[in-house]
>>> print(open('upload.tsv').read())   # TSV, C-alpha atoms
chain	number	residue	atom	x	y	z
A	815	ILE	CA	8.29	-14.26	13.25
A	816	PRO	CA	11.90	-14.50	12.12
A	817	TRP	CA	12.53	-13.31	8.55
A	818	GLU	CA	13.98	-16.72	7.64
A	819	ASP	CA	10.61	-18.31	8.55
A	820	VAL	CA	8.78	-15.81	6.32
A	821	LEU	CA	11.11	-16.62	3.42
A	822	GLY	CA	10.59	-20.34	4.05
A	823	PHE	CA	6.83	-19.84	3.95
A	824	LEU	CA	7.08	-17.87	0.71
A	825	HIS	CA	9.36	-20.50	-0.80
A	826	ARG	CA	6.76	-23.21	-0.06
A	827	ARG	CA	3.94	-21.04	-1.50
A	828	ARG	CA	5.61	-20.35	-4.86
A	829	GLY	CA	3.12	-21.05	-7.60
A	830	LEU	CA	0.21	-20.41	-5.22
A	831	LEU	CA	0.84	-16.73	-4.49
A	832	ASP	CA	1.64	-14.04	-7.05
A	833	ALA	CA	2.84	-11.10	-4.99
A	834	VAL	CA	3.85	-9.83	-1.56
A	835	VAL	CA	2.93	-6.39	-0.23
A	836	PHE	CA	5.00	-4.80	2.52
A	837	SER	CA	2.66	-2.91	4.81
A	838	GLY	CA	1.68	-2.20	8.38
A	839	GLY	CA	2.98	0.50	10.62
A	840	GLU	CA	5.31	2.17	8.15
A	841	PRO	CA	7.50	-0.21	6.14
A	842	LEU	CA	9.79	2.61	4.97
A	843	ALA	CA	10.93	2.94	8.59
A	844	ASP	CA	12.54	-0.50	8.43
A	845	PRO	CA	16.17	-0.26	7.29
A	846	ALA	CA	15.96	-3.84	5.95
A	847	LEU	CA	13.04	-3.10	3.59
A	848	GLY	CA	15.24	-2.98	0.48
A	849	SER	CA	16.95	-6.29	1.17
A	850	MET	CA	13.61	-7.91	2.09
A	851	ALA	CA	11.99	-6.70	-1.14
A	852	ARG	CA	14.94	-8.03	-3.19
A	853	ALA	CA	14.75	-11.40	-1.41
A	854	VAL	CA	11.03	-11.71	-2.15
A	855	ARG	CA	11.59	-10.78	-5.80
A	856	ALA	CA	14.38	-13.39	-6.02
A	857	LEU	CA	11.74	-16.00	-5.12
A	858	GLY	CA	9.77	-14.95	-8.22
A	859	TYR	CA	7.09	-12.81	-6.57
A	860	ARG	CA	5.89	-9.40	-7.61
A	861	VAL	CA	6.50	-6.94	-4.80
A	862	GLY	CA	4.28	-4.13	-3.51
A	863	LEU	CA	4.50	-1.42	-0.88
A	864	HIS	CA	1.79	0.30	1.11
A	865	THR	CA	3.10	3.49	2.72
A	866	GLY	CA	1.98	6.67	4.39
A	867	GLY	CA	4.85	8.48	2.68
A	868	ALA	CA	6.56	9.73	5.84
A	869	TRP	CA	10.07	9.21	4.37
A	870	PRO	CA	10.17	10.59	0.82
A	871	ARG	CA	14.00	10.40	0.63
A	872	ARG	CA	13.91	6.68	1.40
A	873	LEU	CA	11.09	6.27	-1.13
A	874	VAL	CA	13.30	7.80	-3.86
A	875	LYS	CA	15.84	5.01	-3.30
A	876	LEU	CA	13.38	2.14	-2.78
A	877	ALA	CA	10.55	2.88	-5.25
A	878	PRO	CA	12.27	1.07	-8.16
A	879	LEU	CA	12.12	-2.19	-6.16
A	880	PHE	CA	8.31	-2.31	-6.18
A	881	ASP	CA	5.86	-3.28	-8.90
A	882	TRP	CA	3.07	-1.32	-7.22
A	883	ILE	CA	2.93	1.27	-4.44
A	884	GLY	CA	-0.13	2.30	-2.46
A	885	LEU	CA	0.36	5.78	-1.00
A	886	ASP	CA	-1.95	6.98	1.76
A	887	ILE	CA	-2.85	10.59	1.20
A	888	LYS	CA	-4.85	11.26	4.33
A	889	ALA	CA	-5.82	14.87	3.68
A	890	LEU	CA	-4.82	18.18	2.17
A	891	PRO	CA	-1.30	19.16	3.27
A	892	ASP	CA	-2.50	21.81	5.73
A	893	ASP	CA	-5.02	19.41	7.31
A	894	TYR	CA	-2.54	16.59	8.02
A	895	ALA	CA	-1.38	17.68	11.46
A	896	ALA	CA	-4.97	17.73	12.70
A	897	LEU	CA	-5.40	14.10	11.56
A	898	THR	CA	-1.99	12.68	12.44
A	899	GLY	CA	-0.93	14.82	15.36
A	900	VAL	CA	2.47	15.24	13.68
A	901	ALA	CA	3.60	18.65	12.46
A	902	GLY	CA	4.96	18.55	8.91
A	903	SER	CA	3.48	15.14	8.11
A	904	GLY	CA	1.48	16.58	5.21
A	905	ALA	CA	4.59	17.97	3.54
A	906	ALA	CA	6.31	14.58	3.73
A	907	ALA	CA	3.34	12.64	2.32
A	908	TRP	CA	2.83	15.07	-0.54
A	909	ALA	CA	6.59	15.03	-1.25
A	910	SER	CA	6.28	11.23	-1.54
A	911	LEU	CA	3.52	11.75	-4.10
A	912	ASP	CA	5.92	13.94	-6.09
A	913	VAL	CA	8.58	11.21	-5.83
A	914	LEU	CA	6.21	8.61	-7.30
A	915	LEU	CA	5.03	10.93	-10.06
A	916	ALA	CA	8.62	11.78	-11.04
A	917	ALA	CA	9.71	8.12	-10.94
A	918	GLY	CA	6.84	6.96	-13.13
A	919	SER	CA	6.07	4.23	-10.58
A	920	ASP	CA	2.88	2.18	-10.76
A	921	PHE	CA	1.04	3.58	-7.77
A	922	GLU	CA	-2.33	4.46	-6.38
A	923	CYS	CA	-3.20	7.16	-3.87
A	924	ARG	CA	-5.49	5.91	-1.14
A	925	THR	CA	-7.57	7.85	1.35
A	926	THR	CA	-9.46	6.35	4.24
A	927	VAL	CA	-12.52	8.53	4.60
A	928	HIS	CA	-13.94	8.94	8.08
A	929	PRO	CA	-17.27	10.81	8.20
A	930	LEU	CA	-16.25	12.73	11.33
A	931	LEU	CA	-12.85	13.77	9.98
A	932	HIS	CA	-13.50	14.43	6.28
A	933	ASP	CA	-16.23	16.60	4.79
A	934	ALA	CA	-17.37	16.70	1.16
A	935	PRO	CA	-15.80	20.07	0.27
A	936	ARG	CA	-12.37	19.05	1.64
A	937	LEU	CA	-12.55	15.70	-0.17
A	938	ALA	CA	-13.46	17.46	-3.42
A	939	GLU	CA	-10.50	19.81	-2.98
A	940	LEU	CA	-8.25	16.84	-2.20
A	941	GLU	CA	-9.37	15.16	-5.45
A	942	ARG	CA	-8.82	18.37	-7.40
A	943	ARG	CA	-5.28	18.88	-6.03
A	944	LEU	CA	-4.29	15.28	-6.64
A	945	ARG	CA	-5.51	15.46	-10.23
A	946	ALA	CA	-3.70	18.78	-10.72
A	947	ARG	CA	-0.47	17.10	-9.53
A	948	GLY	CA	-0.95	14.37	-12.12
A	949	GLU	CA	-2.35	11.53	-10.00
A	950	ARG	CA	-4.86	9.49	-12.02
A	951	ARG	CA	-5.66	6.39	-9.95
A	952	ARG	CA	-7.41	6.73	-6.63
A	953	GLY	CA	-8.74	4.39	-4.03
A	954	ARG	CA	-11.03	5.38	-1.21
A	955	ASP	CA	-11.89	3.35	1.83
A	956	ARG	CA	-14.84	4.33	3.88
A	957	GLN	CA	-14.38	3.89	7.59
A	958	GLY	CA	-17.29	3.27	9.87
A	959	PRO	CA	-20.57	1.41	9.53
A	960	PHE	CA	-20.66	1.63	5.72
A	961	ARG	CA	-17.27	0.06	5.04
A	962	ARG	CA	-17.39	-2.95	2.73
A	963	GLY	CA	-14.84	-5.74	2.85
A	964	ARG	CA	-13.60	-8.03	0.09
A	965	ALA	CA	-13.23	-11.79	0.34
A	966	VAL	CA	-10.09	-12.15	-1.78
A	967	GLY	CA	-6.95	-12.29	0.34
A	968	ARG	CA	-3.35	-11.32	-0.24
A	969	LEU	CA	-0.26	-11.86	1.86
A	970	ALA	CA	0.99	-8.65	3.44
A	971	LEU	CA	4.33	-8.64	5.19
A	972	LEU	CA	4.44	-6.48	8.27
A	973	PRO	CA	8.14	-6.21	9.14
A	974	GLU	CA	7.57	-5.45	12.81
A	975	GLN	CA	4.63	-7.83	13.27
A	976	GLY	CA	5.33	-10.86	11.07
A	977	PHE	CA	2.83	-11.57	8.32
A	978	ARG	CA	-0.88	-12.11	7.85
A	979	THR	CA	-3.52	-12.14	5.16
A	980	ARG	CA	-4.99	-8.75	4.27
A	981	PRO	CA	-7.81	-8.39	1.72
A	982	ASP	CA	-7.56	-4.65	1.15
A	983	LEU	CA	-4.04	-3.78	0.08
A	984	VAL	CA	-3.61	-4.32	-3.62
A	985	PRO	CA	-5.58	-3.31	-6.72
A	986	ARG	CA	-7.63	-6.02	-8.43
A	987	ARG	CA	-4.98	-6.82	-11.06
A	988	HIS	CA	-2.48	-7.67	-8.30
A	989	ARG	CA	-4.80	-9.90	-6.27
A	990	LEU	CA	-3.55	-13.30	-5.33
A	991	GLY	CA	-6.88	-15.07	-4.95
A	992	ARG	CA	-7.36	-16.08	-8.60
A	993	ARG	CA	-5.97	-19.59	-8.08
A	994	ARG	CA	-7.98	-20.00	-4.91
A	995	ARG	CA	-11.21	-19.17	-6.75
A	996	GLN	CA	-10.24	-21.60	-9.48
A	997	GLY	CA	-9.70	-24.38	-6.94
A	998	GLN	CA	-5.91	-24.55	-7.43
A	999	GLY	CA	-4.83	-23.50	-3.96
A	1000	ARG	CA	-5.87	-23.20	-0.37
>>> encode(input="upload.tsv", output="C-alpha cells")
Amino acid sequence: IPWEDVLGFLHRRRGLLDAVVFSGGEPLADPALGSMARAVRALGYRVGLHTGGAWPRRLVKLAPLFDWIGLDIKALPDDYAALTGVAGSGAAAWASLDVLLAAGSDFECRTTVHPLLHDAPRLAELERRLRARGERRRGRDRQGPFRRGRAVGRLALLPEQGFRTRPDLVPRRHRLGRRRRQGQGR
C-alpha cells in the first residue's frame, strides 16, 4: 500500500482513531520511520513504536518521536542467540533498553513466553535483571494453546506490509477502541 494511501486513510479516520503504532518486522530498519512518525503526528495522532531493539543507535535518534514504545526483550542477553539465531542480538536489545531508560521514554518491555523455549528459572532471572536495570512496566504474552486474545483493535502500520488492525500492541490507556465500544465509530 503506498504511503500516500495510508496517510489518506488516517486523514479520513481523524476523530475515530487516537493513535498509530509502527510495528511488524522491525520498523527501526525503515529509513523513512522518522518522517512517517512525524507525518502521523501532524495529523493529530499519538504515535507508538513496537520494536525488537536491534538498532539502539537509531532508537536514540527516534525515541523522542514516540508517545509509547513497546520493546521486545526475548530473553537474557546470553540466551538471545539461541532464540533468534543471530549472534550479538541480545547485546543490541539490552542496549535499546538502556537507551529507553536513559531517555525517560514511556515504554514497556514485552516478552512472548513459549513453554518450550522459556523455563521458570530463566524467566524469574529475566524479571530480576530487568527490575535491576530500572524497568518497571512489563507485558508478557503467552504463546501456544493458552494464549488469550483481546477484542479491542488498534491500527498498526507495518512499513513493509501496509497496515492492518492488531489487538495486541498497545497498553490499555493507548487503546483506540473506546469510541467503538461507545457506538461512535465503526
>>> closest_residue(input="upload.tsv", among="A:Gly904, A:Leu830, A:Leu879, A:Ala934", to="Ala853 (chain A)", atoms="only C-alpha atoms")
A:Leu879
>>> residues_around(input="upload.tsv", residues="region 907-920 of chain A", least_positions_apart="3", cutoff="10 Å", atoms="all atoms listed in the file", output="number ranges by chain")
A: 862, 865-875, 877-891, 894, 902-904, 923, 944, 947-949, 951
>>> atom_distance(input="upload.tsv", atom1="CA of Ala896 (chain A)", atom2="CA of Arg936 (chain A)")
13.4 Å
>>> atom_distance(input="upload.tsv", atom1="CA of Ala851 (chain A)", atom2="CA of Val834 (chain A)")
8.7 Å
>>> atom_distance(input="upload.tsv", atom1="CA of Glu840 (chain A)", atom2="CA of Arg942 (chain A)")
26.5 Å
>>> closest_residue(input="upload.tsv", among="A:Arg860, A:Gly822, A:Asp893, A:Asp832", to="Asp933 (chain A)", atoms="all atoms listed in the file")
A:Asp893
>>> closest_residue(input="upload.tsv", among="A:Leu863, A:Ala946, A:Ala906, A:Ala833", to="Leu847 (chain A)", atoms="only C-alpha atoms")
A:Leu863
>>> closest_residue(input="upload.tsv", among="A:Glu939, A:Arg855, A:Pro816, A:Leu876", to="Leu842 (chain A)", atoms="all atoms listed in the file")
A:Leu876
>>> closest_residue(input="upload.tsv", among="A:Gly858, A:Arg943, A:Thr926, A:Ala901", to="Leu824 (chain A)", atoms="only C-alpha atoms")
A:Gly858
>>> residues_around(input="upload.tsv", residues="Glu818 (chain A)", least_positions_apart="3", cutoff="12 Å", atoms="all atoms listed in the file", output="VMD selection string")
chain A and resid 815 821 to 825 850 853 to 854 976
>>> axis_aligned_box(input="upload.tsv", around="region 870-886 of chain A", padding_each_side="6 Å", output="lines of an AutoDock Vina configuration file")
center_x = 6.9
center_y = 3.7
center_z = -3.6
size_x = 29.8
size_y = 25.9
size_z = 22.7
>>> build_atoms(input="upload.tsv", residues="region 857-882 of chain A", atoms="N, CA, C and O atoms", output="short mmCIF file (atom, residue, chain, number, x, y, z; two decimals), in the coordinates of the input")
data_model
loop_
_atom_site.label_atom_id
_atom_site.label_comp_id
_atom_site.auth_asym_id
_atom_site.auth_seq_id
_atom_site.Cartn_x
_atom_site.Cartn_y
_atom_site.Cartn_z
N LEU A 857 12.57 -14.79 -5.17
CA LEU A 857 11.74 -16.00 -5.12
C LEU A 857 10.71 -16.04 -6.26
O LEU A 857 9.96 -17.00 -6.38
N GLY A 858 10.67 -14.98 -7.07
CA GLY A 858 9.77 -14.95 -8.22
C GLY A 858 8.47 -14.21 -7.98
O GLY A 858 7.58 -14.24 -8.85
N TYR A 859 8.32 -13.54 -6.87
CA TYR A 859 7.09 -12.81 -6.57
C TYR A 859 7.16 -11.38 -7.11
O TYR A 859 8.23 -10.78 -7.17
N ARG A 860 6.00 -10.84 -7.43
CA ARG A 860 5.89 -9.40 -7.61
C ARG A 860 5.88 -8.79 -6.22
O ARG A 860 5.48 -9.45 -5.26
N VAL A 861 6.32 -7.54 -6.12
CA VAL A 861 6.50 -6.94 -4.80
C VAL A 861 5.78 -5.59 -4.76
O VAL A 861 5.93 -4.77 -5.66
N GLY A 862 5.00 -5.39 -3.69
CA GLY A 862 4.28 -4.13 -3.51
C GLY A 862 4.62 -3.48 -2.19
O GLY A 862 5.19 -4.10 -1.29
N LEU A 863 4.26 -2.22 -2.09
CA LEU A 863 4.50 -1.42 -0.88
C LEU A 863 3.27 -0.61 -0.58
O LEU A 863 2.67 -0.02 -1.49
N HIS A 864 2.87 -0.58 0.67
CA HIS A 864 1.79 0.30 1.11
C HIS A 864 2.38 1.22 2.16
O HIS A 864 2.85 0.77 3.20
N THR A 865 2.40 2.54 1.87
CA THR A 865 3.10 3.49 2.72
C THR A 865 2.26 4.74 2.98
O THR A 865 1.41 5.10 2.17
N GLY A 866 2.56 5.37 4.08
CA GLY A 866 1.98 6.67 4.39
C GLY A 866 2.84 7.81 3.86
O GLY A 866 2.47 8.97 3.94
N GLY A 867 4.00 7.48 3.32
CA GLY A 867 4.85 8.48 2.68
C GLY A 867 5.63 9.36 3.64
O GLY A 867 6.03 10.47 3.26
N ALA A 868 5.88 8.90 4.84
CA ALA A 868 6.56 9.73 5.84
C ALA A 868 8.04 9.96 5.53
O ALA A 868 8.64 10.89 6.07
N TRP A 869 8.64 9.11 4.69
CA TRP A 869 10.07 9.21 4.37
C TRP A 869 10.28 9.31 2.87
O TRP A 869 10.72 8.36 2.21
N PRO A 870 10.03 10.47 2.28
CA PRO A 870 10.17 10.59 0.82
C PRO A 870 11.58 10.33 0.31
O PRO A 870 11.75 9.77 -0.78
N ARG A 871 12.63 10.66 1.10
CA ARG A 871 14.00 10.40 0.63
C ARG A 871 14.29 8.91 0.55
O ARG A 871 14.99 8.46 -0.36
N ARG A 872 13.75 8.14 1.47
CA ARG A 872 13.91 6.68 1.40
C ARG A 872 13.11 6.14 0.22
O ARG A 872 13.52 5.19 -0.45
N LEU A 873 11.94 6.73 -0.02
CA LEU A 873 11.09 6.27 -1.13
C LEU A 873 11.79 6.47 -2.47
O LEU A 873 11.68 5.63 -3.36
N VAL A 874 12.54 7.56 -2.62
CA VAL A 874 13.30 7.80 -3.86
C VAL A 874 14.20 6.60 -4.15
O VAL A 874 14.26 6.10 -5.27
N LYS A 875 14.89 6.11 -3.12
CA LYS A 875 15.84 5.01 -3.30
C LYS A 875 15.15 3.66 -3.49
O LYS A 875 15.63 2.81 -4.22
N LEU A 876 14.00 3.46 -2.81
CA LEU A 876 13.38 2.14 -2.78
C LEU A 876 12.27 1.94 -3.82
O LEU A 876 11.96 0.80 -4.16
N ALA A 877 11.68 3.00 -4.32
CA ALA A 877 10.55 2.88 -5.25
C ALA A 877 10.83 1.94 -6.43
O ALA A 877 9.95 1.15 -6.80
N PRO A 878 12.03 1.96 -7.02
CA PRO A 878 12.27 1.07 -8.16
C PRO A 878 12.16 -0.43 -7.82
O PRO A 878 12.05 -1.26 -8.72
N LEU A 879 12.21 -0.78 -6.55
CA LEU A 879 12.12 -2.19 -6.16
C LEU A 879 10.71 -2.75 -6.20
O LEU A 879 10.52 -3.95 -6.10
N PHE A 880 9.71 -1.88 -6.32
CA PHE A 880 8.31 -2.31 -6.18
C PHE A 880 7.55 -2.23 -7.49
O PHE A 880 7.70 -1.30 -8.26
N ASP A 881 6.71 -3.25 -7.71
CA ASP A 881 5.86 -3.28 -8.90
C ASP A 881 4.66 -2.37 -8.75
O ASP A 881 4.09 -1.91 -9.73
N TRP A 882 4.23 -2.16 -7.51
CA TRP A 882 3.07 -1.32 -7.22
C TRP A 882 3.29 -0.68 -5.85
O TRP A 882 3.84 -1.31 -4.95
#
